[in-house]
>>> print(open('input-v6.cif').read())   # mmCIF, C-alpha atoms
data_protein
#
loop_
_atom_site.label_atom_id
_atom_site.label_comp_id
_atom_site.auth_asym_id
_atom_site.auth_seq_id
_atom_site.Cartn_x
_atom_site.Cartn_y
_atom_site.Cartn_z
CA MET A 715 29.43 -136.72 -60.66
CA PRO A 716 28.91 -139.42 -58.02
CA LYS A 717 25.24 -140.23 -57.32
CA ARG A 718 25.73 -139.61 -53.60
CA LEU A 719 27.01 -136.07 -54.26
CA ILE A 720 24.06 -135.37 -56.56
CA SER A 721 21.58 -136.59 -53.95
CA MET A 722 23.24 -134.45 -51.28
CA ARG A 723 23.05 -131.31 -53.45
CA LEU A 724 19.54 -131.88 -54.81
CA PRO A 725 17.61 -130.61 -51.71
CA HIS A 726 19.68 -127.41 -51.72
CA VAL A 727 19.09 -126.85 -55.42
CA LEU A 728 15.35 -127.45 -55.06
CA ALA A 729 15.19 -125.13 -52.06
CA GLY A 730 16.87 -122.43 -54.10
CA LEU A 731 14.48 -122.92 -56.98
CA PHE A 732 11.46 -122.79 -54.68
CA ALA A 733 12.77 -119.57 -53.12
CA LEU A 734 13.33 -118.04 -56.54
CA VAL A 735 9.84 -118.99 -57.70
CA ALA A 736 8.35 -117.59 -54.49
CA TRP A 737 10.26 -114.34 -54.90
CA PHE A 738 9.04 -113.88 -58.48
CA GLY A 739 5.53 -114.73 -57.38
CA LEU A 740 5.57 -112.05 -54.70
CA ALA A 741 7.11 -109.52 -57.02
CA ALA A 742 4.57 -110.13 -59.75
CA GLY A 743 1.64 -110.74 -57.44
CA PRO A 744 0.45 -107.17 -56.70
CA ALA A 745 0.73 -106.03 -60.30
CA ALA A 746 -1.22 -109.06 -61.49
CA ALA A 747 -3.65 -109.13 -58.56
CA GLU A 748 -7.32 -109.01 -59.40
CA ALA A 749 -9.14 -106.08 -57.81
CA GLN A 750 -10.77 -107.07 -54.54
CA PHE A 751 -12.68 -103.79 -54.33
CA LYS A 752 -14.15 -101.95 -57.32
CA TRP A 753 -15.63 -98.58 -56.44
CA ARG A 754 -17.46 -95.87 -58.34
CA MET A 755 -16.75 -92.35 -57.16
CA GLN A 756 -18.29 -89.17 -58.58
CA THR A 757 -16.67 -85.73 -58.48
CA LEU A 758 -17.96 -82.17 -58.72
CA TRP A 759 -15.66 -81.43 -61.66
CA ALA A 760 -16.67 -81.42 -65.32
CA ALA A 761 -15.25 -83.91 -67.81
CA GLY A 762 -12.14 -82.57 -69.54
CA SER A 763 -11.33 -79.93 -66.90
CA ILE A 764 -7.91 -79.84 -65.27
CA ASN A 765 -9.60 -80.59 -61.94
CA MET A 766 -11.14 -83.75 -63.43
CA LYS A 767 -7.74 -84.81 -64.77
CA VAL A 768 -6.21 -84.45 -61.30
CA PHE A 769 -9.07 -86.53 -59.86
CA GLU A 770 -8.45 -89.23 -62.48
CA ASP A 771 -4.78 -89.24 -61.50
CA PHE A 772 -5.82 -89.75 -57.87
CA CYS A 773 -7.92 -92.81 -58.79
CA ARG A 774 -5.04 -94.21 -60.83
CA THR A 775 -2.64 -93.65 -57.92
CA VAL A 776 -4.90 -95.59 -55.54
CA SER A 777 -4.91 -98.53 -57.94
CA GLU A 778 -1.12 -98.46 -58.32
CA MET A 779 -0.43 -98.07 -54.58
CA SER A 780 -2.79 -100.93 -53.76
CA GLY A 781 -1.28 -103.24 -56.37
CA GLY A 782 -4.62 -103.27 -58.18
CA ARG A 783 -6.59 -104.46 -55.16
CA LEU A 784 -8.64 -101.22 -54.92
CA GLU A 785 -9.84 -99.73 -58.19
CA ILE A 786 -11.89 -96.52 -58.35
CA GLU A 787 -13.84 -95.53 -61.44
CA PRO A 788 -13.75 -91.70 -61.66
CA LEU A 789 -17.12 -90.27 -62.70
CA PRO A 790 -17.48 -86.61 -63.84
CA ASN A 791 -20.04 -84.25 -62.38
CA GLY A 792 -23.63 -85.26 -63.11
CA THR A 793 -22.89 -88.82 -64.22
CA VAL A 794 -25.22 -90.38 -61.64
CA VAL A 795 -26.73 -87.42 -59.76
CA GLY A 796 -26.33 -83.66 -59.45
CA PRO A 797 -24.08 -82.02 -56.82
CA LEU A 798 -26.94 -81.49 -54.34
CA GLU A 799 -27.84 -85.20 -54.35
CA LEU A 800 -24.28 -86.54 -54.32
CA PHE A 801 -23.72 -86.78 -50.57
CA ASP A 802 -27.00 -88.66 -49.94
CA THR A 803 -26.20 -91.03 -52.79
CA VAL A 804 -22.93 -91.94 -51.08
CA ALA A 805 -24.56 -92.22 -47.65
CA GLN A 806 -27.11 -94.66 -49.12
CA GLY A 807 -24.39 -96.74 -50.80
CA ILE A 808 -25.60 -96.11 -54.36
CA LEU A 809 -22.13 -94.66 -55.02
CA ASP A 810 -19.12 -95.86 -53.06
CA GLY A 811 -17.64 -92.40 -52.59
CA GLN A 812 -17.42 -88.80 -53.70
CA ASN A 813 -15.04 -85.99 -54.43
CA GLY A 814 -17.72 -83.58 -53.27
CA GLY A 815 -18.03 -80.52 -51.10
CA GLY A 816 -19.47 -79.75 -47.70
CA GLY A 817 -21.42 -76.77 -48.99
CA TYR A 818 -23.79 -79.11 -50.81
CA ALA A 819 -24.78 -80.70 -47.50
CA ALA A 820 -25.39 -77.36 -45.76
CA SER A 821 -29.11 -78.06 -45.32
CA LYS A 822 -28.25 -80.92 -42.96
CA ASP A 823 -25.90 -78.92 -40.73
CA VAL A 824 -24.07 -75.61 -41.22
CA ALA A 825 -21.05 -77.44 -39.79
CA PHE A 826 -20.44 -78.89 -43.27
CA VAL A 827 -19.93 -75.35 -44.58
CA MET A 828 -17.67 -74.30 -41.70
CA LEU A 829 -15.51 -77.36 -42.36
CA GLY A 830 -15.37 -76.96 -46.15
CA ASP A 831 -14.75 -73.20 -46.35
CA LEU A 832 -14.36 -70.96 -43.33
CA ALA A 833 -14.69 -67.80 -45.45
CA GLY A 834 -11.84 -65.32 -45.03
CA ALA A 835 -9.91 -67.49 -42.60
CA TYR A 836 -6.73 -68.61 -44.34
CA GLU A 837 -4.26 -67.18 -46.82
CA ARG A 838 -2.93 -70.49 -48.18
CA PRO A 839 -4.28 -74.05 -48.40
CA ASP A 840 -1.32 -75.49 -46.48
CA GLN A 841 -2.43 -73.50 -43.42
CA MET A 842 -5.85 -75.15 -43.36
CA GLN A 843 -4.28 -78.51 -44.19
CA ALA A 844 -2.11 -78.12 -41.08
CA TRP A 845 -5.26 -77.51 -39.02
CA TYR A 846 -6.95 -80.54 -40.57
CA GLU A 847 -4.00 -82.89 -40.07
CA TYR A 848 -2.59 -81.64 -36.77
CA GLY A 849 -5.05 -79.18 -35.21
CA GLY A 850 -7.99 -81.51 -34.61
CA GLY A 851 -9.72 -80.99 -37.95
CA LYS A 852 -9.84 -84.56 -39.21
CA GLU A 853 -11.22 -85.86 -35.92
CA LEU A 854 -14.04 -83.29 -36.04
CA ALA A 855 -14.69 -84.02 -39.72
CA ARG A 856 -14.97 -87.74 -39.08
CA GLU A 857 -17.26 -87.16 -36.12
CA LEU A 858 -19.55 -85.01 -38.29
CA TYR A 859 -19.64 -87.31 -41.31
CA ALA A 860 -20.08 -90.50 -39.26
CA LYS A 861 -23.53 -89.27 -38.26
CA TYR A 862 -24.56 -89.71 -41.90
CA ASN A 863 -23.10 -93.19 -42.51
CA THR A 864 -20.02 -91.79 -44.26
CA TYR A 865 -16.29 -91.64 -43.56
CA HIS A 866 -14.31 -88.46 -44.20
CA VAL A 867 -10.99 -89.56 -45.68
CA GLY A 868 -9.59 -86.08 -46.26
CA LEU A 869 -9.93 -82.56 -47.66
CA VAL A 870 -8.80 -81.43 -51.11
CA TRP A 871 -8.18 -77.75 -51.96
CA HIS A 872 -8.19 -76.11 -55.36
CA GLY A 873 -6.68 -72.85 -54.16
CA MET A 874 -7.52 -69.30 -53.15
CA GLU A 875 -10.45 -67.88 -55.10
CA SER A 876 -10.11 -64.55 -56.88
CA ILE A 877 -12.82 -61.89 -57.34
CA PRO A 878 -13.33 -60.56 -60.88
CA SER A 879 -14.83 -57.07 -60.78
CA LYS A 880 -15.68 -54.20 -63.10
CA VAL A 881 -14.55 -51.68 -60.48
CA ALA A 882 -11.32 -51.74 -58.48
CA VAL A 883 -11.82 -53.21 -55.00
CA ALA A 884 -8.52 -52.55 -53.22
CA GLY A 885 -9.76 -52.80 -49.63
CA THR A 886 -12.79 -53.39 -47.43
CA ALA A 887 -14.08 -49.82 -47.91
CA ASP A 888 -14.28 -50.34 -51.68
CA PHE A 889 -16.96 -53.00 -51.26
CA LYS A 890 -19.50 -50.32 -50.37
CA GLY A 891 -22.27 -50.27 -52.95
CA VAL A 892 -20.75 -53.06 -55.06
CA LYS A 893 -23.33 -55.53 -56.38
CA MET A 894 -21.58 -58.87 -56.12
CA ARG A 895 -22.75 -62.35 -56.94
CA ALA A 896 -22.17 -64.52 -53.87
CA PRO A 897 -23.69 -67.68 -52.40
CA THR A 898 -25.98 -67.30 -49.41
CA GLY A 899 -24.19 -67.81 -46.12
CA ALA A 900 -20.89 -66.60 -44.75
CA VAL A 901 -19.54 -64.73 -47.80
CA SER A 902 -22.79 -62.82 -48.33
CA LYS A 903 -23.01 -61.87 -44.66
CA ILE A 904 -19.40 -60.67 -44.60
CA LEU A 905 -19.93 -58.58 -47.73
CA GLU A 906 -23.02 -57.00 -46.19
CA ARG A 907 -20.95 -55.92 -43.19
CA PHE A 908 -18.78 -53.88 -45.58
CA GLY A 909 -21.73 -52.32 -47.40
CA ALA A 910 -21.76 -54.53 -50.48
CA ALA A 911 -24.99 -55.79 -52.03
CA PRO A 912 -24.75 -59.60 -52.43
CA VAL A 913 -26.81 -61.13 -55.22
CA ASN A 914 -27.56 -64.86 -55.32
CA LEU A 915 -27.36 -66.02 -58.94
CA PRO A 916 -26.93 -69.46 -60.54
CA GLY A 917 -23.59 -69.97 -62.22
CA SER A 918 -25.18 -70.02 -65.67
CA GLU A 919 -26.25 -66.38 -65.28
CA VAL A 920 -23.03 -64.88 -63.92
CA TYR A 921 -21.38 -63.89 -67.21
CA THR A 922 -24.45 -62.24 -68.71
CA SER A 923 -25.22 -60.50 -65.41
CA LEU A 924 -21.74 -58.97 -65.38
CA GLU A 925 -22.10 -58.02 -69.02
CA ARG A 926 -25.46 -56.30 -68.49
CA GLY A 927 -24.48 -54.54 -65.27
CA VAL A 928 -26.79 -56.56 -63.03
CA ILE A 929 -23.71 -57.21 -60.88
CA ASP A 930 -20.32 -55.48 -60.61
CA ALA A 931 -18.29 -58.42 -59.31
CA THR A 932 -18.57 -62.13 -58.62
CA ASP A 933 -17.45 -64.79 -56.20
CA TRP A 934 -16.42 -67.69 -58.43
CA GLY A 935 -13.11 -69.52 -58.68
CA THR A 936 -9.36 -69.15 -58.82
CA LEU A 937 -7.73 -66.69 -61.23
CA SER A 938 -7.22 -69.33 -63.92
CA MET A 939 -10.76 -70.65 -63.53
CA ASN A 940 -12.14 -67.13 -63.96
CA VAL A 941 -10.07 -66.55 -67.08
CA ASP A 942 -11.17 -69.89 -68.54
CA LEU A 943 -14.73 -68.56 -68.36
CA GLY A 944 -13.74 -65.27 -69.97
CA PHE A 945 -14.68 -63.02 -67.03
CA GLN A 946 -11.68 -60.78 -67.74
CA LYS A 947 -13.34 -59.62 -70.97
CA ILE A 948 -15.95 -57.67 -68.98
CA ALA A 949 -14.43 -57.48 -65.48
CA LYS A 950 -10.76 -56.55 -65.86
CA TYR A 951 -9.96 -56.20 -62.15
CA GLN A 952 -8.98 -59.44 -60.39
CA ILE A 953 -8.17 -59.64 -56.69
CA TYR A 954 -5.01 -61.76 -56.65
CA PRO A 955 -3.71 -63.48 -54.60
CA GLY A 956 -7.19 -64.33 -53.38
CA PHE A 957 -8.13 -64.55 -49.71
CA HIS A 958 -11.90 -64.28 -49.25
CA SER A 959 -12.68 -67.93 -49.98
CA MET A 960 -10.73 -71.17 -50.10
CA PRO A 961 -13.30 -73.91 -50.58
CA ALA A 962 -12.21 -77.49 -50.07
CA THR A 963 -13.65 -80.51 -51.79
CA ASP A 964 -13.28 -83.88 -50.10
CA ILE A 965 -12.87 -87.60 -50.44
CA VAL A 966 -15.76 -89.19 -48.56
CA VAL A 967 -16.82 -92.83 -48.75
CA ASN A 968 -19.79 -94.84 -47.60
CA MET A 969 -19.12 -96.06 -44.05
CA ASP A 970 -19.89 -99.72 -44.85
CA ARG A 971 -17.44 -99.61 -47.77
CA TRP A 972 -14.80 -98.06 -45.53
CA ARG A 973 -15.23 -100.70 -42.84
CA ALA A 974 -14.92 -103.46 -45.43
CA LEU A 975 -11.41 -102.34 -46.42
CA PRO A 976 -8.42 -104.04 -44.75
CA ASP A 977 -6.20 -101.71 -42.77
CA ASP A 978 -3.47 -101.47 -45.40
CA LEU A 979 -5.96 -100.29 -48.05
CA LYS A 980 -7.39 -97.75 -45.62
CA SER A 981 -3.86 -96.39 -45.27
CA VAL A 982 -3.38 -96.35 -49.05
CA LEU A 983 -6.59 -94.36 -49.55
CA THR A 984 -5.73 -91.92 -46.75
CA VAL A 985 -2.21 -91.23 -48.04
CA ALA A 986 -3.39 -90.97 -51.66
CA THR A 987 -6.04 -88.44 -50.60
CA ARG A 988 -3.44 -86.33 -48.82
CA ASP A 989 -1.33 -86.35 -51.99
CA PHE A 990 -4.43 -85.53 -54.07
CA GLY A 991 -4.90 -82.36 -52.00
CA ARG A 992 -1.33 -81.27 -52.66
CA ASP A 993 -1.54 -82.18 -56.33
CA MET A 994 -4.78 -80.26 -56.96
CA TYR A 995 -3.60 -77.11 -55.20
CA GLN A 996 -0.14 -77.01 -56.74
CA ARG A 997 -1.23 -77.73 -60.31
CA LEU A 998 -3.86 -74.98 -60.17
CA MET A 999 -1.40 -72.64 -58.46
CA ILE A 1000 0.87 -73.06 -61.49
CA GLU A 1001 -2.02 -72.25 -63.84
CA ASP A 1002 -2.85 -69.15 -61.77
CA ALA A 1003 0.79 -68.03 -61.89
CA LYS A 1004 0.83 -68.34 -65.69
CA ILE A 1005 -2.22 -66.10 -65.94
CA ALA A 1006 -0.76 -63.59 -63.47
CA ALA A 1007 2.51 -63.40 -65.44
CA ALA A 1008 0.60 -62.57 -68.62
CA ALA A 1009 -2.04 -60.37 -66.95
CA GLU A 1010 -1.07 -57.12 -68.65
CA SER A 1011 -1.11 -58.62 -72.13
CA ARG A 1012 -4.58 -60.03 -71.43
CA GLY A 1013 -5.89 -56.68 -70.21
CA ILE A 1014 -6.17 -57.90 -66.62
CA VAL A 1015 -5.45 -55.59 -63.68
CA LEU A 1016 -4.34 -57.57 -60.62
CA VAL A 1017 -5.38 -56.10 -57.26
CA ASP A 1018 -3.38 -57.30 -54.24
CA TRP A 1019 -4.76 -56.36 -50.83
CA ASN A 1020 -2.25 -55.37 -48.18
CA ALA A 1021 -1.89 -57.32 -44.92
CA GLY A 1022 -3.89 -54.79 -42.90
CA GLU A 1023 -6.93 -54.98 -45.18
CA ARG A 1024 -6.80 -58.76 -45.23
CA ARG A 1025 -6.71 -58.85 -41.44
CA ARG A 1026 -9.65 -56.44 -41.24
CA PHE A 1027 -11.66 -58.72 -43.53
CA ARG A 1028 -10.72 -61.76 -41.40
CA GLU A 1029 -11.70 -60.08 -38.12
CA VAL A 1030 -15.16 -59.22 -39.44
CA ALA A 1031 -15.43 -62.73 -40.92
CA ALA A 1032 -14.67 -64.20 -37.49
CA GLU A 1033 -17.73 -62.42 -36.09
CA VAL A 1034 -19.87 -63.93 -38.84
CA TRP A 1035 -18.51 -67.44 -38.15
CA GLN A 1036 -19.59 -67.15 -34.54
CA ASP A 1037 -23.05 -65.99 -35.56
CA LEU A 1038 -23.53 -68.84 -38.06
CA ALA A 1039 -22.31 -71.48 -35.60
CA LYS A 1040 -24.61 -70.58 -32.74
CA ASP A 1041 -27.34 -73.12 -33.62
CA SER A 1042 -25.12 -76.16 -34.29
CA ASP A 1043 -22.98 -77.98 -31.75
CA MET A 1044 -20.74 -79.43 -34.45
CA ALA A 1045 -20.37 -76.06 -36.18
CA ARG A 1046 -19.42 -74.53 -32.84
CA LYS A 1047 -16.71 -77.16 -32.31
CA ILE A 1048 -15.32 -76.67 -35.83
CA VAL A 1049 -15.34 -72.87 -35.65
CA ASP A 1050 -13.78 -72.77 -32.17
CA SER A 1051 -11.07 -75.22 -33.21
CA GLN A 1052 -10.13 -73.22 -36.32
CA THR A 1053 -10.32 -69.88 -34.53
CA SER A 1054 -7.90 -71.17 -31.91
CA PHE A 1055 -5.57 -72.45 -34.64
CA LEU A 1056 -5.70 -69.13 -36.54
CA ARG A 1057 -4.59 -67.35 -33.36
CA GLN A 1058 -1.82 -69.90 -32.93
CA ILE A 1059 -0.38 -69.16 -36.38
CA GLY A 1060 -0.84 -65.39 -36.06
CA LEU A 1061 -3.75 -64.79 -38.47
CA LEU A 1062 -6.08 -63.57 -35.72
#
>>> encode(input="input-v6.cif", output="structure tokens")
Amino acid sequence: MPKRLISMRLPHVLAGLFALVAWFGLAAGPAAAEAQFKWRMQTLWAAGSINMKVFEDFCRTVSEMSGGRLEIEPLPNGTVVGPLELFDTVAQGILDGQNGGGGYAASKDVAFVMLGDLAGAYERPDQMQAWYEYGGGKELARELYAKYNTYHVGLVWHGMESIPSKVAVAGTADFKGVKMRAPTGAVSKILERFGAAPVNLPGSEVYTSLERGVIDATDWGTLSMNVDLGFQKIAKYQIYPGFHSMPATDIVVNMDRWRALPDDLKSVLTVATRDFGRDMYQRLMIEDAKIAAAAESRGIVLVDWNAGERRRFREVAAEVWQDLAKDSDMARKIVDSQTSFLRQIGLL
């Protein structure tokens, strides 16, 4: 080949090689990128539980979506602190973030409770998610959490809680005289309105209290969570689908850590959190459905409240929300916003 022709082609060949090298560099870059941010985030869930596995999947997803630039170490419940200390530990920057729950920060402001579980309000997690995403919820959540040097990335639901009971509770009237373990606050106050006798017990005493007749029923978890603990052995009636409580956990990070993230990683964390909420709810919904399908063989009697009884419970609950929110401006905003949304979708 003539030297002149080679010299004329050489720049084009080199340009092509440089482009190819650049393309491979970009393609391989994110996967090989060293983490720019390494966070430690503790959850409320116990090691080995399905909830913990879903949380671990969330942390893995963030790493993959960010090309390895943001890595989150998932820590089970109690690794660094207990649930009651978790929020303050994040606010102080000792931990970078949490998969916690608003109820554990109730002593600071009842608004945390009204955000995390407006007792009796919704029938499905997607309804509250719609309020959070499109009804003003996330703006109110971020306003509340910002006061404590934290950023509220999103809510995460584990589903509608069931009520295991030793007596059939098929409607509001059947609560009369029932001794039921329930946390102090909205659920206890609602139960009292229907003549029940709420009992505040630590989780470690619930099973034995049911067994010994100290209580007749308990507020605990979803159908599958209750069965995992063996409640059906002594309390065969299970209200299902549940409706009285739909607690949400959250993804909350220290405000300084949030501000340090570039915008694209903020978007990654936000979208991954939204997917985490869907993943947690749907995977536990499947577990609940498996238990429901085999209820008879397990000796479980499922009790499904009709629409009228559910609405009656919700209307009384709405009165309790208003009462609890009267001493907190943020709680008032959160309750009013959700009440308006519930009317909009026909639940009130």
>>> resolve_selection(input="input-v6.cif", expression="the PyMOL selection byres ((chain A and resi 899) around 10)", output="list of chain:residue names")
A:Gly817, A:Ala820, A:Val824, A:Val827, A:Ala833, A:Ala896, A:Pro897, A:Thr898, A:Ala900, A:Val901, A:Ser902, A:Lys903, A:Ile904, A:Val1034, A:Trp1035, A:Leu1038
>>> closest_atom_pairs(input="input-v6.cif", of="region 749-861 of chain A", to="region 972-975 of chain A", cutoff="12 Å", atoms="all atoms listed in the file", output="JSON lines")
{"residue": "A:Gln750", "atom": "CA", "partner": "A:Leu975", "partner_atom": "CA", "distance": 9.4}
{"residue": "A:Phe751", "atom": "CA", "partner": "A:Leu975", "partner_atom": "CA", "distance": 8.1}
{"residue": "A:Lys752", "atom": "CA", "partner": "A:Leu975", "partner_atom": "CA", "distance": 11.2}
{"residue": "A:Trp753", "atom": "CA", "partner": "A:Trp972", "partner_atom": "CA", "distance": 11.0}
{"residue": "A:Ser780", "atom": "CA", "partner": "A:Leu975", "partner_atom": "CA", "distance": 11.4}
{"residue": "A:Arg783", "atom": "CA", "partner": "A:Leu975", "partner_atom": "CA", "distance": 10.2}
{"residue": "A:Leu784", "atom": "CA", "partner": "A:Leu975", "partner_atom": "CA", "distance": 9.0}
{"residue": "A:Val804", "atom": "CA", "partner": "A:Trp972", "partner_atom": "CA", "distance": 11.6}
{"residue": "A:Ala805", "atom": "CA", "partner": "A:Trp972", "partner_atom": "CA", "distance": 11.6}
{"residue": "A:Gly807", "atom": "CA", "partner": "A:Trp972", "partner_atom": "CA", "distance": 11.0}
{"residue": "A:Asp810", "atom": "CA", "partner": "A:Trp972", "partner_atom": "CA", "distance": 9.0}
{"residue": "A:Gly811", "atom": "CA", "partner": "A:Trp972", "partner_atom": "CA", "distance": 9.5}
{"residue": "A:Ala860", "atom": "CA", "partner": "A:Trp972", "partner_atom": "CA", "distance": 11.2}
>>> atom_distance(input="input-v6.cif", atom1="CA of Val913 (chain A)", atom2="CA of Asp888 (chain A)")
16.9 Å
>>> closest_residue(input="input-v6.cif", among="A:Leu983, A:Ala882, A:Val892, A:Val920", to="Val1017 (chain A)", atoms="only C-alpha atoms")
A:Ala882
>>> residues_around(input="input-v6.cif", residues="region 950-961 of chain A", least_positions_apart="5", cutoff="6 Å", atoms="all atoms listed in the file", output="short mmCIF file (atom, residue, chain, number, x, y, z; two decimals) with C-alpha atoms, in the frame of the given file")
data_model
loop_
_atom_site.label_atom_id
_atom_site.label_comp_id
_atom_site.auth_asym_id
_atom_site.auth_seq_id
_atom_site.Cartn_x
_atom_site.Cartn_y
_atom_site.Cartn_z
CA GLY A 830 -15.37 -76.96 -46.15
CA ASP A 831 -14.75 -73.20 -46.35
CA ALA A 833 -14.69 -67.80 -45.45
CA GLY A 834 -11.84 -65.32 -45.03
CA GLU A 837 -4.26 -67.18 -46.82
CA GLY A 873 -6.68 -72.85 -54.16
CA MET A 874 -7.52 -69.30 -53.15
CA GLU A 875 -10.45 -67.88 -55.10
CA SER A 876 -10.11 -64.55 -56.88
CA ILE A 877 -12.82 -61.89 -57.34
CA PRO A 878 -13.33 -60.56 -60.88
CA SER A 879 -14.83 -57.07 -60.78
CA ALA A 882 -11.32 -51.74 -58.48
CA ILE A 1014 -6.17 -57.90 -66.62
CA VAL A 1015 -5.45 -55.59 -63.68
CA LEU A 1016 -4.34 -57.57 -60.62
CA VAL A 1017 -5.38 -56.10 -57.26
CA ASP A 1018 -3.38 -57.30 -54.24
#
>>> residues_around(input="input-v6.cif", residues="Glu787 (chain A)", least_positions_apart="3", cutoff="9 Å", atoms="only C-alpha atoms", output="PyMOL selection string")
chain A and resi 752-756+770+773-774
>>> axis_aligned_box(input="input-v6.cif", around="region 855-867 of chain A", padding_each_side="6 Å", output="JSON")
{"center_x": -17.8, "center_y": -88.6, "center_z": -40.9, "size_x": 25.6, "size_y": 21.2, "size_z": 21.6}
>>> residues_around(input="input-v6.cif", residues="Glu919 (chain A)", least_positions_apart="4", cutoff="12 Å", atoms="all atoms listed in the file", output="number ranges by chain")
A: 895, 913-915, 923-929, 932
>>> residues_around(input="input-v6.cif", residues="Arg988 (chain A)", least_positions_apart="2", cutoff="9 Å", atoms="only C-alpha atoms", output="PyMOL selection string")
chain A and resi 867-870+983-986+990-993
>>> write_last_selection(input="input-v6.cif", atoms="C-alpha atoms", output="compact mmCIF listing (two decimals), in the coordinates of the input")
# COMPACT_ATOMS: atom_id res chain seq x y z
CA VAL A 867 -10.99 -89.56 -45.68
CA GLY A 868 -9.59 -86.08 -46.26
CA LEU A 869 -9.93 -82.56 -47.66
CA VAL A 870 -8.80 -81.43 -51.11
CA LEU A 983 -6.59 -94.36 -49.55
CA THR A 984 -5.73 -91.92 -46.75
CA VAL A 985 -2.21 -91.23 -48.04
CA ALA A 986 -3.39 -90.97 -51.66
CA PHE A 990 -4.43 -85.53 -54.07
CA GLY A 991 -4.90 -82.36 -52.00
CA ARG A 992 -1.33 -81.27 -52.66
CA ASP A 993 -1.54 -82.18 -56.33
>>> atom_distance(input="input-v6.cif", atom1="CA of Leu789 (chain A)", atom2="CA of Ile965 (chain A)")
13.2 Å
>>> closest_residue(input="input-v6.cif", among="A:Met779, A:Leu809, A:Met994, A:Met828", to="Thr793 (chain A)", atoms="only C-alpha atoms")
A:Leu809
